[in-house]
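Here's the structure we're looking at; comments come further down.
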Amino acid sequence: DLRIYLTVDYEVGSGITLCFGLKAFWLEPTPYGSTEKKATKTWKPKVFVVDRKDTASEERELLALLDEIRKILSAKEVTESDPVTKVQFYLWDSNQQNHLARIVGRHLPTILSRKSLAHLAWLFPPEDLVRNAESETRRSPLTVVSEVIRNVLAAPIPHTYTLLKVARVY
């Protein structure tokens with residue numbers, strides 16, 4: 001029902017984040033066979049740029065990203081229309097997922113100290129955080145798109161599928 005597209009760019013050598021990106025789309029769930037028009041909401045894409053190569057700037061932008069995710073998850077349209085709205089997060093590759101887990105671990109004390117954001121630490125759990133039992137027994141709310149592309153798409157791209165190469169083909 002709610003789709004949140006995330007991206008993270010980082011410097012491989014230092015592991016410092018350069019920027020985060022976020023875009024979200026919600027489609028009102030309706031019963032099967034319903035002919036009534038579905039309500040939708042689109043959030044404008046947002047970019048959170050880490051303007052300095054230090055962990056304080058990275059933390060500031062990570063907290064801003066998590067706060068924006070919190071706002072989207074608690075948006076009036078989403079919560080009032082259907083209290084059990086399903087959410088799915090999309091990342092391009094597992095490197096981005098691993099980096100997000102690494103920086104959540106790096107800034108975990110700050111995230112956990114903020115009551116409104118603490119529950120979001122389980123989206124990208126670092127090794128120091130005990131995993132949420134519910135997310136271990138249910139389908140993951142996180143989809144790594146490149147794995148899906150690699151398994152179901154045959155594009156005329158030599159060697160490896162990158163986000164830009166796939167986008168250029170289509």
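Scheme for the structure tokens: letters A, B, ... for chains in order shown; per-chain residue numbers from 1; ligand numbers from 1 in order shown.
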Which residues of range 86-106 of chain A have any atom within 10 Å of an atom in range 55-69 of chain A when counting only C-alpha atoms, and what is the closest pair of atoms for each, with the distance in Å to one decimal? Order the rows by chain and rising number and write it as a tab-separated table.
```
residue	atom	partner	partner_atom	distance
A:Leu100	CA	A:Leu62	CA	9.2
A:Ile103	CA	A:Glu59	CA	8.3
A:Val104	CA	A:Leu62	CA	8.2
A:Arg106	CA	A:Thr55	CA	8.6
```
Could you pull out all residues of chain A with a DSSP call of helix (DSSP H, G or I) and give them as number ranges by chain?
A: 55-73, 76-81, 94-106, 108-113, 118-123, 133-137, 145-152, 163-169
Select from range 48-147 of chain A every residue with an atom at most 8 Å from any atom of range 19-38 of chain A, then for each give the shortest pair of atoms and their distance in Å to one decimal, using only C-alpha atoms, rows by chain and rising number, as CSV.
```
residue,atom,partner,partner_atom,distance
A:Phe48,CA,A:Phe20,CA,5.0
A:Val49,CA,A:Cys19,CA,4.3
A:Val50,CA,A:Cys19,CA,5.4
A:Glu61,CA,A:Phe20,CA,7.7
A:Leu62,CA,A:Phe20,CA,7.8
A:Leu65,CA,A:Phe20,CA,7.3
A:Ile72,CA,A:Ala24,CA,7.8
A:Val78,CA,A:Trp26,CA,7.4
A:Ser81,CA,A:Glu28,CA,7.0
A:Asp82,CA,A:Pro29,CA,7.4
A:Thr85,CA,A:Pro29,CA,7.7
```
Out of A:Ser140, A:Thr79, A:Asn151, A:Ser116, which residue has the shortest atom-to-atom distance to Asp1 in chain A when counting only C-alpha atoms?
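Nearest to Asp1 in chain A: A:Thr79.
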Would you give me, as a PyMOL selection string, the residues in chain A that DSSP reads as strand (DSSP E or B)?
chain A and resi 2-10+17-27+40-49+87-91+142-144
For Val166 in chain A, list every protein, DNA or RNA residue within 10 Å, evaluated using only C-alpha atoms, and leave out those in the same chain fewer than 4 positions away; present the list as a PyMOL selection string.
chain A and resi 146+149+153+155-157+160-162+170
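Minimum atom-to-atom distances from A:Lys53, A:Val12, A:Arg70, A:Val169 to Arg114 in chain A were compared using only C-alpha atoms, and the lowest value belongs to A:Arg70.
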Suppose you want the space between CA of Asp93 in chain A and CA of Pro141 in chain A; what is it in Å?
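Straight-line distance from CA of Asp93 in chain A to CA of Pro141 in chain A works out to 14.7 Å.
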